[in-house]
Structure formats: structure tokens, C-alpha cells
$ cat protein15.pdb   # PDB, C-alpha atoms and all ligand atoms
ATOM      1  CA  MET L   1      94.595 120.865 130.146
ATOM      2  CA  LEU L   2      94.496 121.181 126.334
ATOM      3  CA  LEU L   3      97.659 119.120 126.137
ATOM      4  CA  SER L   4      96.356 116.175 128.118
ATOM      5  CA  LYS L   5      93.109 116.332 126.135
ATOM      6  CA  LYS L   6      95.180 116.311 122.934
ATOM      7  CA  ARG L   7      97.143 113.350 124.253
ATOM      8  CA  ARG L   8      93.908 111.521 125.054
ATOM      9  CA  LEU L   9      92.841 112.102 121.456
ATOM     10  CA  LEU L  10      95.924 110.295 120.196
ATOM     11  CA  ASN L  11      95.191 106.625 119.804
ATOM     12  CA  LYS L  12      96.778 104.711 122.675
ATOM     13  CA  LEU L  13      97.340 101.046 121.926
ATOM     14  CA  PRO L  14      98.209  98.692 124.803
ATOM     15  CA  LEU L  15     100.748  96.190 123.413
ATOM     16  CA  PRO L  16     102.311  93.894 126.059
ATOM     17  CA  GLY L  17     105.033  91.400 125.140
ATOM     18  CA  THR L  18     107.525  91.556 122.269
ATOM     19  CA  ILE L  19     106.732  93.988 119.476
ATOM     20  CA  TRP L  20     108.562  94.026 116.153
ATOM     21  CA  LEU L  21     108.293  97.108 113.947
ATOM     22  CA  ALA L  22     109.415  97.498 110.324
ATOM     23  CA  SER L  23     108.776  99.981 107.532
ATOM     24  CA  ASP L  24     109.964 101.164 104.102
ATOM     25  CA  ILE L  25     110.070  97.781 102.421
ATOM     26  CA  HIS L  26     108.487  99.397  99.313
ATOM     27  CA  LEU L  27     107.162  96.038  98.046
ATOM     28  CA  GLY L  28     106.718  96.041  94.265
ATOM     29  CA  GLY L  29     107.004  93.809  91.237
ATOM     30  CA  HIS L  30     110.559  94.921  90.493
ATOM     31  CA  ILE L  31     112.293  93.785  93.690
ATOM     32  CA  PRO L  32     112.110  89.969  94.010
ATOM     33  CA  GLU L  33     115.115  89.646  96.369
ATOM     34  CA  THR L  34     113.726  92.276  98.724
ATOM     35  CA  ARG L  35     110.347  90.587  98.746
ATOM     36  CA  GLN L  36     111.943  87.223  99.563
ATOM     37  CA  ALA L  37     113.997  88.732 102.418
ATOM     38  CA  PHE L  38     110.830  90.335 103.778
ATOM     39  CA  TYR L  39     108.899  87.058 103.629
ATOM     40  CA  GLU L  40     111.683  85.399 105.633
ATOM     41  CA  PHE L  41     111.411  88.257 108.140
ATOM     42  CA  LEU L  42     107.656  87.702 108.391
ATOM     43  CA  ALA L  43     108.236  83.996 109.078
ATOM     44  CA  ARG L  44     110.664  84.897 111.916
ATOM     45  CA  ALA L  45     108.230  87.465 113.307
ATOM     46  CA  ARG L  46     105.518  84.811 113.459
ATOM     47  CA  GLN L  47     107.833  82.693 115.642
ATOM     48  CA  GLU L  48     109.550  85.329 117.801
ATOM     49  CA  ALA L  49     107.237  88.333 118.157
ATOM     50  CA  ASP L  50     103.905  88.765 119.912
ATOM     51  CA  THR L  51     102.903  91.644 117.633
ATOM     52  CA  LEU L  52     104.136  93.000 114.299
ATOM     53  CA  ILE L  53     103.642  96.614 113.204
ATOM     54  CA  LEU L  54     104.431  97.655 109.618
ATOM     55  CA  ALA L  55     104.831 101.418 109.937
ATOM     56  CA  GLY L  56     104.278 102.649 106.384
ATOM     57  CA  ASP L  57     105.730 102.386 102.896
ATOM     58  CA  ILE L  58     105.078  98.678 103.010
ATOM     59  CA  PHE L  59     104.374  99.005  99.278
ATOM     60  CA  ASP L  60     106.131 101.049  96.599
ATOM     61  CA  PHE L  61     102.804 102.753  96.040
ATOM     62  CA  TRP L  62      99.133 101.921  96.592
ATOM     63  CA  ALA L  63      96.475 103.056  94.112
ATOM     64  CA  GLY L  64      93.416 101.494  95.742
ATOM     65  CA  ASP L  65      92.329  98.375  97.639
ATOM     66  CA  ASP L  66      90.144  97.291  94.710
ATOM     67  CA  ILE L  67      93.227  96.638  92.574
ATOM     68  CA  ALA L  68      94.612  94.230  95.180
ATOM     69  CA  LEU L  69      91.279  92.621  95.927
ATOM     70  CA  LYS L  70      90.002  92.163  92.372
ATOM     71  CA  SER L  71      93.001  91.638  90.107
ATOM     72  CA  PRO L  72      96.359  91.646  91.907
ATOM     73  CA  GLU L  73      99.519  91.004  89.917
ATOM     74  CA  PRO L  74     101.190  87.706  90.898
ATOM     75  CA  TRP L  75     103.845  89.431  93.065
ATOM     76  CA  LEU L  76     101.105  91.325  94.970
ATOM     77  CA  GLN L  77      98.988  88.208  95.393
ATOM     78  CA  GLU L  78     102.013  86.463  96.915
ATOM     79  CA  ALA L  79     102.814  89.423  99.198
ATOM     80  CA  LEU L  80      99.220  89.570 100.437
ATOM     81  CA  GLN L  81      99.307  85.857 101.170
ATOM     82  CA  HIS L  82     102.438  86.236 103.327
ATOM     83  CA  LEU L  83     100.872  89.175 105.167
ATOM     84  CA  ALA L  84      97.599  87.286 105.713
ATOM     85  CA  GLN L  85      99.532  84.236 106.949
ATOM     86  CA  THR L  86     101.334  86.476 109.452
ATOM     87  CA  ALA L  87      98.104  88.085 110.634
ATOM     88  CA  ALA L  88      96.703  84.585 111.189
ATOM     89  CA  HIS L  89      99.517  83.879 113.679
ATOM     90  CA  ILE L  90     100.133  87.201 115.482
ATOM     91  CA  PRO L  91      98.366  90.573 115.604
ATOM     92  CA  LEU L  92      99.454  92.548 112.523
ATOM     93  CA  TYR L  93      99.092  96.328 112.444
ATOM     94  CA  LEU L  94      99.526  98.439 109.307
ATOM     95  CA  MET L  95     100.280 102.173 109.168
ATOM     96  CA  HIS L  96     100.170 104.512 106.169
ATOM     97  CA  GLY L  97     103.367 105.808 104.615
ATOM     98  CA  ASN L  98     103.732 108.553 102.027
ATOM     99  CA  ARG L  99     103.656 105.892  99.280
ATOM    100  CA  ASP L 100     100.782 103.745 100.549
ATOM    101  CA  PHE L 101      98.551 106.261 102.328
ATOM    102  CA  LEU L 102      95.630 104.906 100.292
ATOM    103  CA  LEU L 103      95.733 101.521 102.024
ATOM    104  CA  GLY L 104      92.154 101.118 103.215
ATOM    105  CA  LYS L 105      90.077  99.203 105.711
ATOM    106  CA  LYS L 106      88.989  96.719 103.043
ATOM    107  CA  ILE L 107      92.475  95.381 102.434
ATOM    108  CA  ALA L 108      93.238  95.410 106.157
ATOM    109  CA  ARG L 109      90.106  93.353 106.812
ATOM    110  CA  HIS L 110      90.984  91.019 103.923
ATOM    111  CA  LEU L 111      94.395  90.411 105.492
ATOM    112  CA  GLY L 112      93.076  90.082 109.039
ATOM    113  CA  ALA L 113      95.211  93.107 109.979
ATOM    114  CA  THR L 114      94.378  96.360 111.781
ATOM    115  CA  LEU L 115      94.923  99.712 110.095
ATOM    116  CA  LEU L 116      96.384 102.258 112.519
ATOM    117  CA  GLU L 117      95.948 106.030 112.512
ATOM    118  CA  ASP L 118      98.895 108.022 111.183
ATOM    119  CA  THR L 119     100.166 108.570 114.749
ATOM    120  CA  VAL L 120      99.653 106.205 117.646
ATOM    121  CA  ILE L 121     100.915 105.933 121.231
ATOM    122  CA  LEU L 122     102.004 102.375 121.994
ATOM    123  CA  ALA L 123     101.719 101.388 125.671
ATOM    124  CA  THR L 124     104.492  98.778 125.722
ATOM    125  CA  ASP L 125     106.382  96.838 128.415
ATOM    126  CA  ALA L 126     109.226  99.288 127.746
ATOM    127  CA  GLY L 127     106.992 102.346 128.289
ATOM    128  CA  LEU L 128     105.075 104.719 126.026
ATOM    129  CA  VAL L 129     106.231 104.961 122.408
ATOM    130  CA  ARG L 130     104.941 107.497 119.889
ATOM    131  CA  LEU L 131     104.886 105.831 116.484
ATOM    132  CA  SER L 132     104.340 107.357 113.049
ATOM    133  CA  HIS L 133     105.711 106.843 109.560
ATOM    134  CA  GLY L 134     107.786 110.002 109.926
ATOM    135  CA  ASP L 135     107.078 111.909 106.704
ATOM    136  CA  GLU L 136     104.997 114.397 108.646
ATOM    137  CA  TYR L 137     108.155 115.336 110.590
ATOM    138  CA  CYS L 138     109.923 116.466 107.376
ATOM    139  CA  THR L 139     108.541 119.977 107.743
ATOM    140  CA  ASP L 140     111.474 121.712 106.026
ATOM    141  CA  ASP L 141     110.463 120.029 102.756
ATOM    142  CA  LEU L 142     107.754 122.524 101.828
ATOM    143  CA  ALA L 143     107.073 121.016  98.381
ATOM    144  CA  PHE L 144     106.486 117.629  99.964
ATOM    145  CA  GLN L 145     104.270 119.035 102.719
ATOM    146  CA  ARG L 146     102.186 120.814 100.060
ATOM    147  CA  PHE L 147     101.910 117.544  98.101
ATOM    148  CA  ARG L 148     101.065 115.651 101.270
ATOM    149  CA  LYS L 149      98.289 118.093 102.213
ATOM    150  CA  ILE L 150      96.713 117.746  98.757
ATOM    151  CA  VAL L 151      96.789 113.946  98.556
ATOM    152  CA  HIS L 152      95.552 113.570 102.139
ATOM    153  CA  ASN L 153      92.429 115.548 101.253
ATOM    154  CA  PRO L 154      89.488 113.111 101.468
ATOM    155  CA  PHE L 155      87.764 114.651  98.451
ATOM    156  CA  ILE L 156      90.909 114.405  96.288
ATOM    157  CA  GLN L 157      91.313 110.805  97.408
ATOM    158  CA  ALA L 158      87.696 109.964  96.582
ATOM    159  CA  VAL L 159      88.074 111.475  93.096
ATOM    160  CA  PHE L 160      91.335 109.562  92.545
ATOM    161  CA  LEU L 161      89.891 106.251  93.731
ATOM    162  CA  ALA L 162      86.924 106.679  91.377
ATOM    163  CA  LEU L 163      89.255 106.786  88.351
ATOM    164  CA  PRO L 164      89.831 103.688  86.208
ATOM    165  CA  ARG L 165      92.502 101.379  87.577
ATOM    166  CA  LYS L 166      94.982 101.877  84.711
ATOM    167  CA  LEU L 167      94.737 105.670  84.994
ATOM    168  CA  ARG L 168      95.354 105.527  88.741
ATOM    169  CA  GLN L 169      98.414 103.371  88.193
ATOM    170  CA  SER L 170      99.732 105.780  85.536
ATOM    171  CA  ILE L 171      99.252 108.743  87.886
ATOM    172  CA  ALA L 172     100.992 106.879  90.691
ATOM    173  CA  ASN L 173     103.904 105.977  88.433
ATOM    174  CA  CYS L 174     104.109 109.593  87.291
ATOM    175  CA  ALA L 175     104.143 110.746  90.907
ATOM    176  CA  ARG L 176     106.911 108.275  91.677
ATOM    177  CA  ARG L 177     109.005 109.533  88.751
ATOM    178  CA  LYS L 178     108.485 113.166  89.717
ATOM    179  CA  SER L 179     109.337 112.375  93.292
ATOM    180  CA  GLN L 180     112.543 110.596  92.375
ATOM    181  CA  ALA L 181     113.462 113.475  90.040
ATOM    182  CA  SER L 182     112.836 116.016  92.803
ATOM    183  CA  HIS L 183     115.416 114.330  95.015
ATOM    184  CA  GLN L 184     118.125 115.550  92.608
ATOM    185  CA  TYR L 185     117.590 119.167  93.526
ATOM    186  CA  LYS L 186     116.641 118.798  97.169
ATOM    187  CA  ASN L 187     119.195 119.296  99.885
ATOM    188  CA  ASP L 188     119.552 116.047 101.829
ATOM    189  CA  SER L 189     118.852 117.838 105.116
ATOM    190  CA  ILE L 190     115.366 118.980 104.102
ATOM    191  CA  MET L 191     114.466 115.372 103.292
ATOM    192  CA  ASP L 192     115.158 114.424 106.894
ATOM    193  CA  VAL L 193     113.021 115.184 109.920
ATOM    194  CA  SER L 194     113.153 118.726 111.240
ATOM    195  CA  ALA L 195     114.963 118.876 114.598
ATOM    196  CA  GLY L 196     112.609 121.607 115.784
ATOM    197  CA  THR L 197     109.554 119.528 114.921
ATOM    198  CA  ILE L 198     110.928 116.559 116.823
ATOM    199  CA  GLU L 199     111.746 118.719 119.858
ATOM    200  CA  ASN L 200     108.215 120.145 119.817
ATOM    201  CA  ILE L 201     106.771 116.633 119.860
ATOM    202  CA  PHE L 202     108.788 115.758 122.974
ATOM    203  CA  ARG L 203     108.005 119.109 124.645
ATOM    204  CA  GLN L 204     104.270 118.851 123.932
ATOM    205  CA  ASP L 205     103.919 115.658 125.928
ATOM    206  CA  ARG L 206     106.018 115.153 129.075
ATOM    207  CA  ASP L 207     105.089 111.463 129.191
ATOM    208  CA  ILE L 208     106.610 110.696 125.780
ATOM    209  CA  HIS L 209     110.295 109.778 125.967
ATOM    210  CA  THR L 210     110.473 107.619 122.860
ATOM    211  CA  LEU L 211     109.640 108.232 119.224
ATOM    212  CA  VAL L 212     109.827 105.580 116.530
ATOM    213  CA  HIS L 213     109.484 106.435 112.851
ATOM    214  CA  GLY L 214     110.686 105.373 109.421
ATOM    215  CA  HIS L 215     110.593 107.194 106.084
ATOM    216  CA  THR L 216     114.033 108.857 106.113
ATOM    217  CA  HIS L 217     115.987 105.646 105.377
ATOM    218  CA  LYS L 218     118.503 106.794 108.021
ATOM    219  CA  PRO L 219     118.256 104.018 110.616
ATOM    220  CA  ALA L 220     119.680 105.107 113.987
ATOM    221  CA  HIS L 221     119.090 105.640 117.671
ATOM    222  CA  HIS L 222     119.241 109.337 118.638
ATOM    223  CA  GLU L 223     119.311 110.442 122.252
ATOM    224  CA  ILE L 224     118.626 114.091 123.190
ATOM    225  CA  MET L 225     118.254 115.856 126.553
ATOM    226  CA  LEU L 226     115.332 118.245 126.488
ATOM    227  CA  ASP L 227     114.433 120.317 129.566
ATOM    228  CA  GLY L 228     115.993 117.660 131.766
ATOM    229  CA  LYS L 229     114.151 114.832 129.955
ATOM    230  CA  ARG L 230     116.197 112.126 128.180
ATOM    231  CA  CYS L 231     114.449 111.555 124.831
ATOM    232  CA  HIS L 232     115.027 108.790 122.324
ATOM    233  CA  ARG L 233     114.292 108.847 118.591
ATOM    234  CA  TRP L 234     114.569 105.528 116.796
ATOM    235  CA  VAL L 235     114.563 105.411 112.996
ATOM    236  CA  LEU L 236     113.507 102.236 111.210
ATOM    237  CA  PRO L 237     115.727 100.838 108.430
ATOM    238  CA  ASP L 238     114.579 100.718 104.805
ATOM    239  CA  TRP L 239     114.827  97.472 102.868
ATOM    240  CA  GLU L 240     116.751  96.860  99.648
ATOM    241  CA  PHE L 241     118.151  93.575  98.346
ATOM    242  CA  ASP L 242     117.852  94.155  94.596
ATOM    243  CA  HIS L 243     119.890  97.267  93.894
ATOM    244  CA  GLY L 244     123.174  98.039  95.629
ATOM    245  CA  PRO L 245     124.313  96.826  99.034
ATOM    246  CA  ASN L 246     121.735  94.825 100.972
ATOM    247  CA  ARG L 247     120.009  96.678 103.808
ATOM    248  CA  ALA L 248     117.104  95.834 106.077
ATOM    249  CA  GLY L 249     116.169  95.764 109.718
ATOM    250  CA  TYR L 250     113.551  96.223 112.360
ATOM    251  CA  ILE L 251     113.029  97.567 115.873
ATOM    252  CA  GLU L 252     112.167  95.235 118.731
ATOM    253  CA  ILE L 253     110.490  96.578 121.865
ATOM    254  CA  LYS L 254     110.159  94.383 124.927
ATOM    255  CA  LYS L 255     110.478  94.457 128.742
ATOM    256  CA  SER L 256     114.292  94.344 128.655
ATOM    257  CA  GLY L 257     114.544  97.337 126.341
ATOM    258  CA  THR L 258     114.411  98.616 122.781
ATOM    259  CA  PHE L 259     116.643  97.095 120.106
ATOM    260  CA  LEU L 260     117.449  98.352 116.613
ATOM    261  CA  HIS L 261     118.396  95.305 114.536
ATOM    262  CA  ARG L 262     120.122  96.246 111.287
ATOM    263  CA  HIS L 263     121.282  94.167 108.339
ATOM    264  CA  GLU L 264     123.751  95.973 106.102
ATOM    265  CA  GLY L 265     125.721  94.224 103.382
ATOM    266  CA  THR L 266     126.911  91.095 105.205
ATOM    267  CA  LEU L 267     126.765  92.690 108.669
ATOM    268  CA  ASN L 268     124.059  92.228 111.267
ATOM    269  CA  THR L 269     124.231  94.695 114.159
ATOM    270  CA  SER L 270     121.965  95.485 117.093
ATOM    271  CA  ILE L 271     121.778  98.633 119.201
ATOM    272  CA  LEU L 272     120.159  98.203 122.628
ATOM    273  CA  LYS L 273     118.717 100.836 124.908
ATOM    274  CA  ASN L 274     117.886  99.461 128.335
ATOM    275  CA  ASN L 275     114.874 100.997 130.013
TER     276      ASN L 275
HETATM  277  O1  LIG R 301     108.494 108.710  98.044
HETATM  278  P1  LIG R 301     109.921 109.156  97.931
HETATM  279  O2  LIG R 301     110.827 108.466  98.883
HETATM  280  O3  LIG R 301     110.422 109.187  96.514
HETATM  281  O4  LIG R 301     109.956 110.710  98.355
HETATM  282  C1  LIG R 301     109.119 111.171  99.386
HETATM  283  C2  LIG R 301     108.295 112.349  98.877
HETATM  284  N1  LIG R 301     107.544 111.976  97.700
HETATM  285  C3  LIG R 301     106.327 111.445  97.825
HETATM  286  C4  LIG R 301     105.596 111.141  96.521
HETATM  287  C5  LIG R 301     105.408 109.628  96.440
HETATM  288  O5  LIG R 301     106.648 109.007  96.094
HETATM  289  C6  LIG R 301     104.335 109.308  95.393
HETATM  290  C7  LIG R 301     103.841 107.857  95.628
HETATM  291  C8  LIG R 301     102.654 107.483  94.794
HETATM  292  C9  LIG R 301     101.358 108.020  95.338
HETATM  293  C10 LIG R 301     100.186 107.254  94.744
HETATM  294  C11 LIG R 301      98.943 108.091  94.613
HETATM  295  C12 LIG R 301      99.211 109.419  93.882
HETATM  296  C13 LIG R 301      97.967 110.290  93.727
HETATM  297  C14 LIG R 301      97.053 110.283  94.919
HETATM  298  C15 LIG R 301      95.922 111.317  94.821
HETATM  299  C16 LIG R 301      95.004 111.185  96.009
HETATM  300  O6  LIG R 301     105.825 111.188  98.900
HETATM  301  C17 LIG R 301     109.229 113.489  98.504
HETATM  302  C18 LIG R 301     110.094 113.864  99.695
HETATM  303  C19 LIG R 301     110.852 112.623 100.159
HETATM  304  O7  LIG R 301     109.925 111.586 100.479
HETATM  305  C20 LIG R 301     111.705 112.870 101.401
HETATM  306  O8  LIG R 301     110.880 113.195 102.482
HETATM  307  O9  LIG R 301     111.014 114.895  99.300
HETATM  308  O10 LIG R 301     108.368 114.625  98.213
HETATM  309  C21 LIG R 301     108.248 114.941  96.909
HETATM  310  O11 LIG R 301     108.872 114.412  96.002
HETATM  311  C22 LIG R 301     107.236 116.012  96.639
HETATM  312  C23 LIG R 301     107.646 116.692  95.320
HETATM  313  O12 LIG R 301     108.577 117.675  95.711
HETATM  314  C24 LIG R 301     106.405 117.243  94.605
HETATM  315  C25 LIG R 301     105.350 116.188  94.306
HETATM  316  C26 LIG R 301     105.756 115.244  93.212
HETATM  317  C27 LIG R 301     104.541 114.380  92.816
HETATM  318  C28 LIG R 301     103.570 115.121  91.868
HETATM  319  C29 LIG R 301     102.387 114.204  91.536
HETATM  320  C30 LIG R 301     101.629 114.651  90.299
HETATM  321  C31 LIG R 301     100.587 113.617  89.903
HETATM  322  C32 LIG R 301     100.682 113.311  88.406
HETATM  323  C33 LIG R 301      99.416 113.731  87.687
HETATM  324  C34 LIG R 301      99.454 113.283  86.245
HETATM  325 MN    MN R 302     108.297 107.038 103.353
END
$ encode --input "protein15.pdb" --output "C-alpha cells"
Amino acid sequence: MLLSKKRRLLNKLPLPGTIWLASDIHLGGHIPETRQAFYEFLARARQEADTLILAGDIFDFWAGDDIALKSPEPWLQEALQHLAQTAAHIPLYLMHGNRDFLLGKKIARHLGATLLEDTVILATDAGLVRLSHGDEYCTDDLAFQRFRKIVHNPFIQAVFLALPRKLRQSIANCARRKSQASHQYKNDSIMDVSAGTIENIFRQDRDIHTLVHGHTHKPAHHEIMLDGKRCHRWVLPDWEFDHGPNRAGYIEIKKSGTFLHRHEGTLNTSILKNN
């Protein structure tokens, strides 16, 4: 009984039609080519999708809605305009990532978008899909989970958001530098999702056969048999057109199935899982 009650507590979002999901674009002032590629993606989504969900790490970091609403840098102003234009055409949903967990209701309202909880169950034409950014699944990365617990504390967030804008941006930049530095000494495997955590998610809820998440920058479709249940884990691609080989992509969910569309270098590939 607890389980079904827990499931009922998870936000269930009925989304008929064609859903496009993307994450880990890490929009910032330093990546003009990536921004342009993303704006072209948004224009296609407005034409071809019924709903667009941006599942976290949309921005390189987010230090408060007030910065975007009162005095955005030109690149951010432009990005917000493209997002608002998209939300004016199709329902746009935003989810927190580990970079932009401070995205608030004010900016969502300003864009005409809806801010989702950190985990949501999508009721789609292809069945139920559990969606989250994915950083919470990286449970082997104890330093990150400690950091995450601290910065998700409402009091800590309130104190941070009350700081002057410049100080918040310095702290965020410092956090970004420390994070990048910490990757040097972290084993790649602990920066991926924990297999045990993923299995527990599927075991906890018999109705969930499909997980979608981003964060790990390891786009793929994983299929696992668990207690006789065929389970699918889809990982969203990250986006990069300014440093190194181009990469991007999105997941499309519709009646005919789930598709992982990837752009890598000059290659475009799609993986399809029929329902
Ligand atoms: O983000 P990425 O891909 O580099 O790595 C992530 C994890 N790192 C993070 C940290 C973010 O990058 C920081 C983004 C800016 C946040 C803005 C607000 C900051 C303050 C808010 C207060 C309410 O998420 C990384 C994982 C990796 O994914 C893979 O999963 O390993 O985890 C870490 O790097 C955690 C580090 O091990 C320890 C924390 C470093 C940050 C310390 C911040 C100190 C603040 C500075 C004060 C002057
Ligand atoms: Mn992330």
C-alpha cells in the first residue's frame, strides 16, 4: 500500500501526442555555436512536437531569477526570447538540473513555461515514463550527493538568493571551477548512475518500465530484465558545438514508440524502441 501511495505522490503528467525531451545544453555566454544549434532545435520542436520538456542543465548555471528578469546579459536575453517564443507555440516544461536547480517559478511564468518537480511520471501515448534530470541517481558519488543535499536545502538557497548578484555569480563560478577540477580525481564510473539505484527504481514501481534522464552525457538506450519485467533506461544527449566534436540530440516519445535522436560530428542517428 505504501508503494502505491508513494507512486500517487509522484507528479503524474498526462501528455498525449508527440513529446520531445532534451537536456544538458548548458546555455552560457561562452558557447555561441551551441546556442545557435539549440535555437534551431527549438524552431523544429515548435513545428514537429506537441510538447517540449527541457529536463535540466538547460543553463551552465543559474544564480537567481532576478538576474535574468532585471538585467540579463545579451546572450541570456536572446535565449529567454527563444524559450518564450517556443512556449507561445507549444507547452514547454522545465526541470531542474544540478547546474540550474535555482530556476524558479518567476522565470517559468515569465517564459510562459511550467516548472516540473525533480521527478515526474509522464503518462504518454507510449506508456508511463519516469523522468528526472538523473543526478540524483549518481549515488556512488558521495561528494556530489553531499553537495547536492546542502544546496537543495531551502534555507541555504534563501541565504544564497539574498546575496548581491555579483557575489552569487562569483560563488557559482567558483563552484563550477571546483566541480570541473573534481572530475580529474573521480573515477568515471562514480560519475554515472548507480546500477543498484536504477534497479531499485524499477523494482519499487511495477508499472514503470521506462526511465528517461540526462546529466551523465552518456546518451544511450539500455534494456534490462528485472524480475521478468523488461525495463528501458534512456539517457539524453548533452549539447556541444563550440569545443570539440559536435554533439546534440533529443528523445521523442509518441504512439509508435520512443526514439533517441543523436547528432554526433557529422552523423545523425536514431534508435527506436517500439512499444
Ligand atoms: O556540473 P558538473 O557536470 O561539472 O559536475 C556535476 C557535479 N557538480 C555539480 C556542481 C555544479 O557544477 C555547480 C553549478 C553552479 C551552482 C550555482 C549555485 C551554487 C551555490 C548554491 C547555494 C544554494 O553539480 C559533480 C559530479 C558530476 O556532476 C557527475 O555527476 O561529480 O559533483 C561535484 O563536483 C561535487 C564536488 O565533488 C564537490 C562540490 C564542489 C562545489 C563546491 C562549491 C563551493 C562554493 C564556493 C563558495 C565560495
Ligand atoms: Mn547535469
$ residues_around --input "protein15.pdb" --residues "Leu272 of chain L" --least-positions-apart "6" --cutoff "7 Å" --atoms "only C-alpha atoms" --output "JSON, numbers by chain"
{"L": [257, 258, 259, 260]}
$ resolve_selection --input "protein15.pdb" --expression "the PyMOL selection byres (((chain L and resi 149-157) around 12) and not hetatm)" --output "PyMOL selection string"
chain L and resi 62-64+96-104+118+135-136+139+142-148+158-163+168+172+175
$ closest_residue --input "protein15.pdb" --among "L:Ile53, L:Ala181, L:Leu69, L:Ile121" --to "ligand LIG 301 (chain R)" --atoms "only C-alpha atoms and all ligand atoms"
L:Ala181
$ resolve_selection --input "protein15.pdb" --expression "the PyMOL selection byres (((chain L and resi 92) around 9) and not hetatm)" --output "PyMOL selection string"
chain L and resi 51-54+83-84+86-91+93-94+111-115
$ residues_near_ligand --input "protein15.pdb" --ligand "ligand MN 302 (chain R)" --cutoff "12 Å" --atoms "only C-alpha atoms and all ligand atoms" --output "PyMOL selection string"
chain L and resi 22-26+54-61+95-101+132-138+144+148+176+179+191-193+213-218+235-239
$ closest_residue --input "protein15.pdb" --among "L:Trp75, L:Phe38, L:Phe241, L:Tyr185" --to "ligand LIG 301 (chain R)" --atoms "only C-alpha atoms and all ligand atoms"
L:Tyr185
$ build_atoms --input "protein15.pdb" --residues "segment 222-235 of chain L" --atoms "N, CA, C and O atoms" --output "PDB file, keeping the file's coordinate frame"
ATOM      1  N   HIS L 222     118.801 107.986 118.238  1.00  0.00           N
ATOM      2  CA  HIS L 222     119.241 109.337 118.638  1.00  0.00           C
ATOM      3  C   HIS L 222     118.769 109.594 120.056  1.00  0.00           C
ATOM      4  O   HIS L 222     117.617 109.295 120.398  1.00  0.00           O
ATOM      5  N   GLU L 223     119.689 110.144 120.864  1.00  0.00           N
ATOM      6  CA  GLU L 223     119.311 110.442 122.252  1.00  0.00           C
ATOM      7  C   GLU L 223     119.503 111.948 122.450  1.00  0.00           C
ATOM      8  O   GLU L 223     120.541 112.503 122.079  1.00  0.00           O
ATOM      9  N   ILE L 224     118.476 112.640 122.949  1.00  0.00           N
ATOM     10  CA  ILE L 224     118.626 114.091 123.190  1.00  0.00           C
ATOM     11  C   ILE L 224     118.084 114.428 124.577  1.00  0.00           C
ATOM     12  O   ILE L 224     117.102 113.826 125.029  1.00  0.00           O
ATOM     13  N   MET L 225     118.745 115.358 125.261  1.00  0.00           N
ATOM     14  CA  MET L 225     118.254 115.856 126.553  1.00  0.00           C
ATOM     15  C   MET L 225     117.436 117.102 126.276  1.00  0.00           C
ATOM     16  O   MET L 225     117.915 118.047 125.650  1.00  0.00           O
ATOM     17  N   LEU L 226     116.199 117.078 126.720  1.00  0.00           N
ATOM     18  CA  LEU L 226     115.332 118.245 126.488  1.00  0.00           C
ATOM     19  C   LEU L 226     114.690 118.648 127.815  1.00  0.00           C
ATOM     20  O   LEU L 226     113.931 117.865 128.399  1.00  0.00           O
ATOM     21  N   ASP L 227     114.998 119.845 128.288  1.00  0.00           N
ATOM     22  CA  ASP L 227     114.433 120.317 129.566  1.00  0.00           C
ATOM     23  C   ASP L 227     114.553 119.251 130.656  1.00  0.00           C
ATOM     24  O   ASP L 227     113.586 118.907 131.332  1.00  0.00           O
ATOM     25  N   GLY L 228     115.746 118.637 130.711  1.00  0.00           N
ATOM     26  CA  GLY L 228     115.993 117.660 131.766  1.00  0.00           C
ATOM     27  C   GLY L 228     115.411 116.293 131.484  1.00  0.00           C
ATOM     28  O   GLY L 228     115.512 115.374 132.287  1.00  0.00           O
ATOM     29  N   LYS L 229     114.777 116.138 130.295  1.00  0.00           N
ATOM     30  CA  LYS L 229     114.151 114.832 129.955  1.00  0.00           C
ATOM     31  C   LYS L 229     115.027 114.145 128.897  1.00  0.00           C
ATOM     32  O   LYS L 229     115.341 114.727 127.871  1.00  0.00           O
ATOM     33  N   ARG L 230     115.424 112.898 129.152  1.00  0.00           N
ATOM     34  CA  ARG L 230     116.197 112.126 128.180  1.00  0.00           C
ATOM     35  C   ARG L 230     115.220 111.567 127.148  1.00  0.00           C
ATOM     36  O   ARG L 230     114.297 110.831 127.516  1.00  0.00           O
ATOM     37  N   CYS L 231     115.389 111.965 125.890  1.00  0.00           N
ATOM     38  CA  CYS L 231     114.449 111.555 124.831  1.00  0.00           C
ATOM     39  C   CYS L 231     115.169 110.690 123.796  1.00  0.00           C
ATOM     40  O   CYS L 231     116.340 110.932 123.495  1.00  0.00           O
ATOM     41  N   HIS L 232     114.447 109.722 123.300  1.00  0.00           N
ATOM     42  CA  HIS L 232     115.027 108.790 122.324  1.00  0.00           C
ATOM     43  C   HIS L 232     114.225 108.843 121.033  1.00  0.00           C
ATOM     44  O   HIS L 232     112.983 108.809 121.053  1.00  0.00           O
ATOM     45  N   ARG L 233     114.939 108.922 119.903  1.00  0.00           N
ATOM     46  CA  ARG L 233     114.292 108.847 118.591  1.00  0.00           C
ATOM     47  C   ARG L 233     114.927 107.678 117.832  1.00  0.00           C
ATOM     48  O   ARG L 233     116.136 107.655 117.606  1.00  0.00           O
ATOM     49  N   TRP L 234     114.108 106.711 117.528  1.00  0.00           N
ATOM     50  CA  TRP L 234     114.569 105.528 116.796  1.00  0.00           C
ATOM     51  C   TRP L 234     114.056 105.621 115.366  1.00  0.00           C
ATOM     52  O   TRP L 234     112.870 105.900 115.148  1.00  0.00           O
ATOM     53  N   VAL L 235     114.951 105.358 114.408  1.00  0.00           N
ATOM     54  CA  VAL L 235     114.563 105.411 112.996  1.00  0.00           C
ATOM     55  C   VAL L 235     114.664 104.014 112.385  1.00  0.00           C
ATOM     56  O   VAL L 235     115.717 103.350 112.483  1.00  0.00           O
TER      57      VAL L 235
END
